[in-house]
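What follows is a short report on a single structure.
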Amino acid sequence: MKKWSAEARRGVDLATKQKEVEVVCFGGFCLDLGRQRLFRDSQQLHLNPKSFKTLTYLVRQRGRTVSKQELLEAIWPETHVTDESIEQAVKLIRQALGDSARNPSFIQTVHRVGYCFIAEVRDLQVNGMGAKAPGSQIAEPALETELTPGPQQESVLASTVPSRVHFSHRPLKTGLLLAGFGVIGAALFQQMSVPPATPRITAIQVLTNSPSIKFAPIVTDGPRIYFTELHDGGYRIAQVHDSGGDSAVLETKVQNPYLADISPENSLLLVRSVMGFRHEDAPLWTIPLVGGVPRRLVESPAYEGSWAPDGKKMVIASGSQLYLADSDGTEPRKLFELDGVPWWTRWSPDGRRIRFTLLDNKTNANSLWEASPDGGSLKPVLPHWSENPSECCGNWTPDGKYFVFQSSHGGSDNIWVMRERIPFLNQDHHEPVRLTFGAISYRGPVSSRDGKSIFVKGTLLRGEVSRYDAHSDAWLPFLPDVSIETMDVSNEGKWIAYTTLPENTLWMRRREGSEKIQLTYPPTRAALPQWSPDGSRIVFMARDPGRPWKLALVPRSESRWKELTTEERSEADPSWAPNGARIVFGRLPAVEPAPQDISLHWLDLETGVVATVPGSKGLFSPRWSPDGRHLCALTHDATKLKLYDLRTGAWTDLVNGKVGCPAWSRDGRVIYFLDLTEGGICRVAIAGASVQKLKSLKGLRQPPSTFGTWMGLAQDDSPLVIRDLSSQQIYALEWEAP
């Protein structure tokens, strides 16, 4: 009997447990799950049983990419069939729905992976009462009783009508006048009580075609769109016409410029000159779009800023503070000291409100907030909309009627829109509508100047593990059949633990691909798994919505994981002691209010006691040597790789320069690491502290991941990196916004 994977079992359970939902509708179609029939309006369409089950499965997994292997295990569990069976089933479904593979409305093909159902779905609760399934004979007694008089009702109505009625002219006029007011009142009530028509995307256009990694914010002056892209390890500003085409690099004369805003008169760009990590405060500059030279805006480093609509003021985010300053950054006045990190500041078109994203240092979660420019009315924008907030990066439409923003859940980023006011009632209307669906993640929405389009960065993430082969001096595929973000190989080389991109779920499998088991499920996110020295357990980072990253442990034999500590603070980079009794871990500098004060800690797995590693203040990303004699770690700004001798208790500097992802060789004599300055893989021998550069990473693009660039080692110490196979472009979403 064929063994099902945990992913397939979970999908089938989801599709079969919800028995109270017998009818689901999408577009002009409805699926009657109880009778296994597909209808368009009241017309029944033919689908064979396997195609119907395939459609049902995809609909139940809507918004998530379903692999072909998962479909095979779910739809053909006892039969050996090939991918052609799936392709034929999807082809028949598309024919029935009138769908197109090239321009899909319902089923999107994710190249080399599987399929994703992208249409919005509505469930109808059918229990013998209520909604009627298309083509069925289910009665609706409540409606019939209230709206259609039966024989007894007709007799009662007849007895209340007098046989003769006398009218006078004055009562007639009064009655007509009252009736007129009644009609007008009813019309006004109906217009005020019926929600406005739902905004929707009508077309999607790809504007760029370059392979570079792109970053939001996106800004526009009307005919041109500006954005940040990564090139040769640094940042630069690029532009593209709003109708699409080849992008061009904007010469800024500012080192590593990262875009923040465009001035109201479209003459200046506001950029941050990134000195270290992208998420750190840095000098702000203004760059003229036509002539002139860049100018340093403020003396103190800041994260970003934005101009008021009239161009007279600007708001600046720095650390945990928001400041109001003159348009040139002078005369700053503190508005708020916030419990978190404010970023992505935006003004309403009338200049009366400022909205921004607030990063919670404890949970690493984003939420939308607003305030008035005078320092009052500070409040969350959507306080009760999402149980675990993960919203950011919003912008108003030019008329102020709508606010578009990004919401991230289940490993996917999508664009939502919120209507600002309800006509006649003039009150806030906080019922956001989702605009985007499918496998592509959309970020950083900004409206075109005419309000007819929304510009976004769209990413279809996929990462392939590549191994550096020293003999051929080439990168060779290591696990070409799966999209991976982080991974680890067991000491004996037989087992692989990995997290997927973009879902951030944890899996384990044998090296040759058998015994593939899913260990975590959304909404939990997983990262940086590490096998225990004996290969019996995996420690990893886990994060549930609204909570910080935590250390978690899963035995290979049980497939059930648990958190290791009870503290509500981010924990990161777990690494095993050689005897498997302790784990050393660190913090996340990017979410800590004082990164220079973080420390390393070791956890005793038997007692649960956590202790601080002596002399480790300001360090993160620890790694325990296989021989148990040393620890290595990075300084909080990643400018040094340091070595700790457990026998002497002394720390020494091993490497100076931008360093990332340290990894010990199997014999514990060498540390491999990423040279973040030159963009390459290096190694250093701890005995002589001599650094050797192994391979440049130029020409090998790496995907944007949870914690930046990743590197690891295969069982024979061959370096492993993630090759970016993602498609990342700037899109224009044409939309109807009634």
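Each chain in the structure tokens gets a letter, A, B and so on, in the order shown; residues start at 1 in every chain, and ligands are counted from 1 in the order they appear.
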*Out of range 484-714 of chain A, which residues get helix (DSSP H, G or I) from DSSP, as a list in words?*
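Filtering range 484-714 of chain A down to helix (DSSP H, G or I) leaves Pro589, Ala590, Val591, Pro595, Gln596 and Asp597 of chain A.
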*Go through range 285-358 of chain A and collect every residue that DSSP, computed from the backbone, puts in strand (DSSP E or B); the answer should be as an MDAnalysis selection string.*
chainID A and resid 285:288 295:296 302 304:307 313:318 321:326 333:337 341:347 354:358
Can you spit out the residues from that selection as a short mmCIF file (atom, residue, chain, number, x, y, z; two decimals), in the first residue's frame, using N, CA, C and O atoms?
data_model
loop_
_atom_site.label_atom_id
_atom_site.label_comp_id
_atom_site.auth_asym_id
_atom_site.auth_seq_id
_atom_site.Cartn_x
_atom_site.Cartn_y
_atom_site.Cartn_z
N TRP A 285 19.59 61.33 2.40
CA TRP A 285 20.02 62.24 1.35
C TRP A 285 18.85 62.57 0.44
O TRP A 285 17.93 61.77 0.27
N THR A 286 18.91 63.76 -0.17
CA THR A 286 17.99 64.09 -1.26
C THR A 286 18.78 64.09 -2.56
O THR A 286 19.91 64.58 -2.63
N ILE A 287 18.16 63.50 -3.61
CA ILE A 287 18.80 63.38 -4.91
C ILE A 287 17.93 64.11 -5.94
O ILE A 287 16.77 63.73 -6.15
N PRO A 288 18.45 65.14 -6.59
CA PRO A 288 17.67 65.83 -7.64
C PRO A 288 17.46 64.91 -8.84
O PRO A 288 18.38 64.20 -9.26
N ARG A 295 22.29 66.05 -1.50
CA ARG A 295 22.51 66.84 -0.29
C ARG A 295 22.16 66.01 0.93
O ARG A 295 21.10 65.37 0.97
N ARG A 296 23.04 66.00 1.93
CA ARG A 296 22.78 65.31 3.19
C ARG A 296 21.64 66.03 3.90
O ARG A 296 21.68 67.25 4.09
N ALA A 302 18.92 57.97 10.25
CA ALA A 302 17.48 57.72 10.37
C ALA A 302 17.13 56.52 9.49
O ALA A 302 17.92 56.10 8.64
N GLU A 304 14.07 56.32 7.68
CA GLU A 304 13.44 56.83 6.47
C GLU A 304 12.64 58.08 6.82
O GLU A 304 12.63 58.53 7.95
N GLY A 305 11.96 58.64 5.81
CA GLY A 305 11.11 59.79 6.01
C GLY A 305 10.19 59.99 4.83
O GLY A 305 10.29 59.28 3.82
N SER A 306 9.29 60.98 4.93
CA SER A 306 8.40 61.29 3.80
C SER A 306 7.93 62.73 3.93
O SER A 306 7.78 63.26 5.04
N TRP A 307 7.68 63.36 2.77
CA TRP A 307 7.25 64.75 2.73
C TRP A 307 5.74 64.87 2.87
O TRP A 307 4.99 64.00 2.40
N LYS A 313 6.62 70.29 5.22
CA LYS A 313 7.09 69.53 6.37
C LYS A 313 7.46 68.12 5.92
O LYS A 313 7.13 67.68 4.83
N MET A 314 8.13 67.41 6.80
CA MET A 314 8.39 66.00 6.57
C MET A 314 8.42 65.27 7.91
O MET A 314 8.70 65.87 8.95
N VAL A 315 8.07 63.99 7.87
CA VAL A 315 8.15 63.16 9.06
C VAL A 315 9.34 62.24 8.89
O VAL A 315 9.61 61.74 7.79
N ILE A 316 10.11 62.05 9.98
CA ILE A 316 11.33 61.24 9.94
C ILE A 316 11.24 60.17 11.01
O ILE A 316 10.87 60.44 12.16
N ALA A 317 11.56 58.93 10.65
CA ALA A 317 11.60 57.81 11.59
C ALA A 317 13.05 57.50 11.93
O ALA A 317 13.87 57.28 11.03
N SER A 318 13.35 57.46 13.21
CA SER A 318 14.71 57.17 13.66
C SER A 318 14.64 56.39 14.96
O SER A 318 14.07 56.88 15.95
N GLN A 321 11.64 56.58 17.52
CA GLN A 321 11.00 57.89 17.53
C GLN A 321 10.50 58.31 16.15
O GLN A 321 11.06 57.92 15.12
N LEU A 322 9.44 59.10 16.17
CA LEU A 322 8.97 59.81 14.98
C LEU A 322 9.17 61.30 15.22
O LEU A 322 8.82 61.83 16.29
N TYR A 323 9.73 61.99 14.20
CA TYR A 323 9.99 63.41 14.30
C TYR A 323 9.25 64.15 13.19
O TYR A 323 9.07 63.62 12.08
N LEU A 324 8.84 65.37 13.47
CA LEU A 324 8.31 66.28 12.47
C LEU A 324 9.36 67.36 12.24
O LEU A 324 9.85 67.98 13.19
N ALA A 325 9.73 67.58 10.98
CA ALA A 325 10.78 68.54 10.65
C ALA A 325 10.36 69.39 9.47
O ALA A 325 9.34 69.12 8.82
N ASP A 326 11.13 70.44 9.20
CA ASP A 326 10.91 71.21 7.98
C ASP A 326 11.27 70.35 6.77
O ASP A 326 11.87 69.28 6.90
N ARG A 333 11.28 68.04 15.55
CA ARG A 333 10.54 68.04 16.81
C ARG A 333 9.97 66.64 17.03
O ARG A 333 9.27 66.11 16.17
N LYS A 334 10.28 66.04 18.18
CA LYS A 334 9.83 64.68 18.43
C LYS A 334 8.32 64.63 18.62
O LYS A 334 7.76 65.36 19.43
N LEU A 335 7.68 63.75 17.84
CA LEU A 335 6.24 63.54 17.96
C LEU A 335 5.92 62.43 18.96
O LEU A 335 5.06 62.59 19.82
N PHE A 336 6.62 61.29 18.81
CA PHE A 336 6.31 60.14 19.63
C PHE A 336 7.56 59.34 19.97
O PHE A 336 8.48 59.25 19.16
N GLU A 337 7.57 58.77 21.16
CA GLU A 337 8.49 57.72 21.54
C GLU A 337 7.65 56.44 21.57
O GLU A 337 6.74 56.31 22.39
N VAL A 341 9.59 49.88 16.50
CA VAL A 341 10.35 50.61 15.48
C VAL A 341 9.39 51.09 14.39
O VAL A 341 8.80 50.27 13.67
N PRO A 342 9.21 52.42 14.24
CA PRO A 342 8.33 52.93 13.18
C PRO A 342 9.06 52.99 11.84
O PRO A 342 10.26 53.29 11.79
N TRP A 343 8.35 52.69 10.76
CA TRP A 343 8.92 52.78 9.42
C TRP A 343 7.78 52.91 8.42
O TRP A 343 6.62 52.81 8.78
N TRP A 344 8.14 53.15 7.15
CA TRP A 344 7.17 53.34 6.06
C TRP A 344 6.14 54.41 6.46
O TRP A 344 4.95 54.14 6.61
N THR A 345 6.60 55.62 6.64
CA THR A 345 5.73 56.73 7.01
C THR A 345 5.07 57.32 5.77
O THR A 345 5.74 57.55 4.75
N ARG A 346 3.77 57.58 5.84
CA ARG A 346 3.03 58.15 4.71
C ARG A 346 1.98 59.15 5.19
O ARG A 346 1.33 58.94 6.22
N TRP A 347 1.82 60.24 4.41
CA TRP A 347 0.85 61.29 4.72
C TRP A 347 -0.44 61.05 3.94
O TRP A 347 -0.41 60.61 2.79
N ILE A 354 -0.92 60.99 9.49
CA ILE A 354 0.30 60.27 9.14
C ILE A 354 0.09 58.81 9.51
O ILE A 354 -0.31 58.50 10.64
N ARG A 355 0.29 57.93 8.57
CA ARG A 355 0.23 56.50 8.86
C ARG A 355 1.62 55.90 8.71
O ARG A 355 2.41 56.32 7.87
N PHE A 356 1.89 54.88 9.53
CA PHE A 356 3.21 54.25 9.49
C PHE A 356 3.07 52.80 9.95
O PHE A 356 2.05 52.38 10.52
N THR A 357 4.11 52.03 9.65
CA THR A 357 4.19 50.65 10.11
C THR A 357 5.01 50.61 11.38
O THR A 357 6.04 51.27 11.48
N LEU A 358 4.53 49.84 12.36
CA LEU A 358 5.24 49.72 13.64
C LEU A 358 5.69 48.27 13.83
O LEU A 358 4.87 47.35 13.83
#
*Which neighbours of Ala581 in chain A fall inside 12 Å, counting only C-alpha atoms, when residues of the same chain fewer than 4 positions from it are skipped, and could you give them as a list of chain:residue names?*
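In the requested form, the answer reads A:Ser532, A:Pro533, A:Asp534, A:Arg537, A:Ser575, A:Trp576, A:Ala577, A:Trp602, A:Leu603, A:Asp604, A:Leu605, A:Glu606, A:Thr607, A:Gly608, A:Val609, A:Gly628.
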_Give me the residues near Pro545 in chain A as a list in words, where near means some atom within 8 Å (using only C-alpha atoms) and where sequence neighbours in that chain fewer than 4 positions away do not count._
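That gives Ala365, Asn388, Pro389, Ser390, Pro523 and Thr524 of chain A.
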*May I ask for the distance between CA of Ala526 in chain A and CA of Lys214 in chain A, given in Å to one decimal place?*
24.2 Å
*For range 204-211 of chain A, work out the shell of residues within 8 Å, counting only C-alpha atoms and skipping chain neighbours fewer than 2 positions away, then give it as a ChimeraX atom specification.*
/A:201-202,213,240-247,727-734
Restricted to N, CA, C and O atoms, what would the selected residues look like written as a PDB file, in the first residue's frame?
ATOM      1  N   ILE A 201      -9.190  43.696  -8.953  1.00  0.00           N
ATOM      2  CA  ILE A 201      -8.160  43.785  -9.970  1.00  0.00           C
ATOM      3  C   ILE A 201      -8.740  43.313 -11.302  1.00  0.00           C
ATOM      4  O   ILE A 201      -9.374  42.256 -11.379  1.00  0.00           O
ATOM      5  N   THR A 202      -8.530  44.090 -12.346  1.00  0.00           N
ATOM      6  CA  THR A 202      -9.052  43.725 -13.669  1.00  0.00           C
ATOM      7  C   THR A 202      -7.969  43.241 -14.622  1.00  0.00           C
ATOM      8  O   THR A 202      -8.262  42.521 -15.575  1.00  0.00           O
ATOM      9  N   ILE A 213      17.342  41.590  -7.932  1.00  0.00           N
ATOM     10  CA  ILE A 213      16.469  41.604  -6.760  1.00  0.00           C
ATOM     11  C   ILE A 213      15.995  43.031  -6.536  1.00  0.00           C
ATOM     12  O   ILE A 213      16.790  43.973  -6.533  1.00  0.00           O
ATOM     13  N   VAL A 240      11.688  52.784 -14.441  1.00  0.00           N
ATOM     14  CA  VAL A 240      11.063  52.170 -15.605  1.00  0.00           C
ATOM     15  C   VAL A 240       9.835  53.002 -15.953  1.00  0.00           C
ATOM     16  O   VAL A 240       9.214  53.629 -15.084  1.00  0.00           O
ATOM     17  N   HIS A 241       9.482  53.025 -17.235  1.00  0.00           N
ATOM     18  CA  HIS A 241       8.296  53.765 -17.668  1.00  0.00           C
ATOM     19  C   HIS A 241       7.045  53.067 -17.155  1.00  0.00           C
ATOM     20  O   HIS A 241       7.024  51.851 -16.985  1.00  0.00           O
ATOM     21  N   ASP A 242       5.986  53.849 -16.894  1.00  0.00           N
ATOM     22  CA  ASP A 242       4.783  53.246 -16.320  1.00  0.00           C
ATOM     23  C   ASP A 242       4.065  52.307 -17.283  1.00  0.00           C
ATOM     24  O   ASP A 242       3.170  51.558 -16.874  1.00  0.00           O
ATOM     25  N   SER A 243       4.462  52.310 -18.550  1.00  0.00           N
ATOM     26  CA  SER A 243       3.898  51.363 -19.506  1.00  0.00           C
ATOM     27  C   SER A 243       4.765  50.119 -19.658  1.00  0.00           C
ATOM     28  O   SER A 243       4.426  49.204 -20.402  1.00  0.00           O
ATOM     29  N   GLY A 244       5.914  50.077 -18.943  1.00  0.00           N
ATOM     30  CA  GLY A 244       6.795  48.922 -18.978  1.00  0.00           C
ATOM     31  C   GLY A 244       7.944  49.082 -19.952  1.00  0.00           C
ATOM     32  O   GLY A 244       8.016  50.039 -20.724  1.00  0.00           O
ATOM     33  N   GLY A 245       8.871  48.138 -19.901  1.00  0.00           N
ATOM     34  CA  GLY A 245      10.032  48.163 -20.792  1.00  0.00           C
ATOM     35  C   GLY A 245      11.310  47.906 -20.031  1.00  0.00           C
ATOM     36  O   GLY A 245      11.309  47.425 -18.893  1.00  0.00           O
ATOM     37  N   ASP A 246      12.428  48.243 -20.644  1.00  0.00           N
ATOM     38  CA  ASP A 246      13.728  48.064 -19.996  1.00  0.00           C
ATOM     39  C   ASP A 246      13.909  49.110 -18.907  1.00  0.00           C
ATOM     40  O   ASP A 246      13.597  50.293 -19.100  1.00  0.00           O
ATOM     41  N   SER A 247      14.422  48.680 -17.753  1.00  0.00           N
ATOM     42  CA  SER A 247      14.696  49.623 -16.667  1.00  0.00           C
ATOM     43  C   SER A 247      16.067  50.256 -16.865  1.00  0.00           C
ATOM     44  O   SER A 247      16.946  49.686 -17.508  1.00  0.00           O
ATOM     45  N   SER A 727      11.253  34.652  -9.699  1.00  0.00           N
ATOM     46  CA  SER A 727      10.897  35.710 -10.639  1.00  0.00           C
ATOM     47  C   SER A 727      10.439  36.902  -9.826  1.00  0.00           C
ATOM     48  O   SER A 727       9.458  36.821  -9.082  1.00  0.00           O
ATOM     49  N   GLN A 728      11.160  38.005  -9.932  1.00  0.00           N
ATOM     50  CA  GLN A 728      10.865  39.189  -9.121  1.00  0.00           C
ATOM     51  C   GLN A 728      10.840  40.422 -10.017  1.00  0.00           C
ATOM     52  O   GLN A 728      11.863  40.803 -10.577  1.00  0.00           O
ATOM     53  N   GLN A 729       9.671  41.023 -10.156  1.00  0.00           N
ATOM     54  CA  GLN A 729       9.506  42.144 -11.073  1.00  0.00           C
ATOM     55  C   GLN A 729       8.578  43.191 -10.464  1.00  0.00           C
ATOM     56  O   GLN A 729       7.937  42.960  -9.432  1.00  0.00           O
ATOM     57  N   ILE A 730       8.511  44.337 -11.119  1.00  0.00           N
ATOM     58  CA  ILE A 730       7.550  45.383 -10.773  1.00  0.00           C
ATOM     59  C   ILE A 730       6.307  45.187 -11.636  1.00  0.00           C
ATOM     60  O   ILE A 730       6.402  45.018 -12.855  1.00  0.00           O
ATOM     61  N   TYR A 731       5.139  45.187 -10.991  1.00  0.00           N
ATOM     62  CA  TYR A 731       3.871  44.955 -11.670  1.00  0.00           C
ATOM     63  C   TYR A 731       2.978  46.190 -11.563  1.00  0.00           C
ATOM     64  O   TYR A 731       3.075  46.969 -10.615  1.00  0.00           O
ATOM     65  N   ALA A 732       2.092  46.315 -12.550  1.00  0.00           N
ATOM     66  CA  ALA A 732       0.995  47.281 -12.482  1.00  0.00           C
ATOM     67  C   ALA A 732      -0.299  46.496 -12.378  1.00  0.00           C
ATOM     68  O   ALA A 732      -0.618  45.688 -13.257  1.00  0.00           O
ATOM     69  N   LEU A 733      -1.032  46.703 -11.288  1.00  0.00           N
ATOM     70  CA  LEU A 733      -2.326  46.055 -11.098  1.00  0.00           C
ATOM     71  C   LEU A 733      -3.408  47.059 -11.479  1.00  0.00           C
ATOM     72  O   LEU A 733      -3.655  48.029 -10.758  1.00  0.00           O
ATOM     73  N   GLU A 734      -4.022  46.857 -12.632  1.00  0.00           N
ATOM     74  CA  GLU A 734      -5.141  47.711 -13.012  1.00  0.00           C
ATOM     75  C   GLU A 734      -6.356  47.280 -12.198  1.00  0.00           C
ATOM     76  O   GLU A 734      -6.611  46.089 -12.019  1.00  0.00           O
TER      77      GLU A 734
END
*For Arg64 in chain A, which residue among A:Ile517, A:Leu47, A:Ile440, A:Val290 is the nearest when counting only C-alpha atoms?*
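Looking only at the distances to Arg64 in chain A, the closest residue turns out to be A:Ile440.
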*Exercise: Glu736 in chain A partners within 10 Å, only C-alpha atoms, chain neighbours under 6 positions left out, as a list in words*: Ala197, Thr198, Pro199, Arg200, Ile201, Thr202, Ala203, Gly451, Lys452 and Ser453 of chain A
For the residues selected in the previous step, produce a file with N, CA, C and O atoms as a compact mmCIF listing (two decimals), in the first residue's frame.
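Output file selection_36.txt is given in full below:
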# COMPACT_ATOMS: atom_id res chain seq x y z
N ALA A 197 -19.70 48.98 -3.87
CA ALA A 197 -19.24 47.87 -4.69
C ALA A 197 -17.80 47.52 -4.34
O ALA A 197 -17.01 48.37 -3.93
N THR A 198 -17.47 46.26 -4.47
CA THR A 198 -16.16 45.77 -4.05
C THR A 198 -15.09 46.10 -5.07
O THR A 198 -15.24 45.78 -6.25
N PRO A 199 -13.98 46.72 -4.65
CA PRO A 199 -12.86 46.93 -5.58
C PRO A 199 -12.29 45.59 -6.04
O PRO A 199 -12.30 44.61 -5.29
N ARG A 200 -11.77 45.56 -7.25
CA ARG A 200 -11.19 44.32 -7.75
C ARG A 200 -10.13 44.62 -8.80
O ARG A 200 -10.16 45.66 -9.46
N ILE A 201 -9.19 43.70 -8.95
CA ILE A 201 -8.16 43.78 -9.97
C ILE A 201 -8.74 43.31 -11.30
O ILE A 201 -9.37 42.26 -11.38
N THR A 202 -8.53 44.09 -12.35
CA THR A 202 -9.05 43.72 -13.67
C THR A 202 -7.97 43.24 -14.62
O THR A 202 -8.26 42.52 -15.58
N ALA A 203 -6.72 43.62 -14.39
CA ALA A 203 -5.63 43.18 -15.27
C ALA A 203 -4.31 43.35 -14.53
O ALA A 203 -4.18 44.19 -13.63
N GLY A 451 -4.71 57.11 -10.29
CA GLY A 451 -5.51 56.24 -9.46
C GLY A 451 -6.04 54.99 -10.15
O GLY A 451 -6.78 54.22 -9.53
N LYS A 452 -5.65 54.76 -11.40
CA LYS A 452 -6.20 53.63 -12.15
C LYS A 452 -5.40 52.34 -11.96
O LYS A 452 -5.88 51.26 -12.30
N SER A 453 -4.18 52.45 -11.44
CA SER A 453 -3.33 51.28 -11.25
C SER A 453 -2.67 51.32 -9.89
O SER A 453 -2.56 52.38 -9.25
